[in-house]
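Visitor: Before anything else, here's the structure in question.
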Amino acid sequence: MANNFTTDEYVLAYHGPLLYEARILLAENWNESNTLLGSTGPHYFIHYKGWKQTWDEWVPEMRLLKLNEAGFAKRRALLDAQTKKNRPAGAESPTPAERRQAKLKKAEGSRKRGRDSIADTEIDYLKRPEVKIVIPDTLKLQLVDDWENVTKNNQLVTLPRQPNVRELLDEYRQYVLSTKKDRSTRATSLLSEIISGIILYFDKALGNNLLYRFERAQYVEQRRAAGDKPMSEIYGAEHLLRLFVNFGPFIAYTNIDTESLNILREYINDIMKWMIKEQKRLFVKEYETTTTQYQNLSRT
């Protein structure tokens with residue numbers, strides 16, 4: 001049976017009676033010999049948007065919907081049904097006469113604005129141009145190895161990394177300036193700004209979006225030891241690559257103009273091509289084996 005969803009795709013996922021936005025981290029087709037849940041067919045390892053990684057889970061395909069207008073309509077219908085279900089027993093909807101009262105008018109207006117705001121936000125999201133960052137197959141394999149080392153083998157990237165994210169991107173900047181690749185004047189002028197923006201995104205996103213649960217304790221230790229030092233000077237290529245996986249949705253919520261967006265996407269694609277050329281040097285060769293004490297701490 002073919003999978004209807006793909007890795008890195010954003011979807012709506014059932015959790016209980018409601019639908020939530022989620023991102024597919026892995027897509028597999030299980031049979032009786034390799035199933036983890038007892039069920040067979042397409043299954044997906046997903047991360048719920050805005051939720052802690054402890055909620056990441058494998059789900060069958062029947063629990064997923066496409067992230068489109070039909071999916072959002074279904075989500076709103078389920079939310080409305082659940083709201084009605086949770087009303088106290090005997091509670092009735094306000095009558096037209098009651099709604100004419102000033103206080104209820106104000107409350108109703110507030111609720112309507114809230115619903116309209118949610119609907120407008122979802123419609124605006126759907127109207128935004130899709131920002132697709134395509135991860136090369138070589139780096140996808142790097143991501144899978146990274147995931148297995150951390151989540152399955154209880155290993156960590158040894159920190160601080162050399163080169164770190166800031167040094168790595170500065171190396172890329174020097175590489176671009178030293179090559180004679182044809183670029184527009186605007187693209188060349190935006191190089192430093194784009195690299196600075198990527199570093200800023202990395203420092204902002206690392207703690208909330210780029211770590212596996214098993215890495216949290218290490219992150220806390222590094223924050224404590226680093227003081228005011230930014231994490232882009234501690235972490236390296238492994239976590240920068242995780243940022244690029246998440247970069248599309250991040251960019252979708254900015255007010256960047258179309259030309260700048262295309263330039264940014266081209267640079268990110270070019271950075272990943274350069275990272276493949278320098279893969280053996282940029283990525284850690286051996287992950288650090290953790291102590292039993294650390295493993296126990298990471299589970300608390």
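Residues are named by chain letter and number: chains run A, B, ... in the order of the structure tokens, numbers start at 1 in each chain, and ligands are numbered from 1 in the order shown.
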Against stretch 150-174 of chain A, which residues of stretch 212-243 of chain A fall within 8 Å? For each one I want the closest pair of atoms and the distance in Å (one decimal), counting only C-alpha atoms, rows by chain and increasing residue number, as CSV.
Guide:
residue,atom,partner,partner_atom,distance
A:Tyr212,CA,A:Thr151,CA,7.4
A:Phe214,CA,A:Thr151,CA,6.8
A:Glu215,CA,A:Leu156,CA,7.0
A:Ser232,CA,A:Val165,CA,5.0
A:Glu233,CA,A:Asn164,CA,5.3
A:Ile234,CA,A:Pro160,CA,4.6
A:Tyr235,CA,A:Asn164,CA,5.4
A:Gly236,CA,A:Asn164,CA,4.2
A:Ala237,CA,A:Val165,CA,6.3
A:Glu238,CA,A:Val157,CA,8.0
A:Leu240,CA,A:Val165,CA,6.7
Visitor: Find the residue from A:Leu177, A:Leu241, A:Lys273, A:Thr7 that sits nearest to A:Leu210; use only C-alpha atoms when measuring.
Guide: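 Result for the nearest residue to A:Leu210: A:Leu241.
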Visitor: Find the spatial neighbours of A:Ile24, counting only C-alpha atoms, within a cut-off of 12 Å - ignore same-chain residues fewer than 6 positions away - and output them as a list in words.
Guide: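 The contact residues come out as Asn4, Phe5, Thr6, Thr7, Asp8, Glu9, Tyr10, Val11, Leu12, Ala13, His43, Tyr44, Phe45, Ile46, His47, Tyr48, Lys49, Asp56, Glu57, Trp58, Val59, Pro60, Glu61, Leu64, Leu65, Lys66, Leu67, Val245 and Asn246 of chain A.
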Visitor: Given only C-alpha atoms as the basis, pick out the residue of A:Gln82, A:Gln295, A:Asn209, A:Ser196 nearest to A:Leu18.
Guide: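 Checking each of A:Gln82, A:Gln295, A:Asn209, A:Ser196 against A:Leu18, counting only C-alpha atoms, the winner is A:Gln82.
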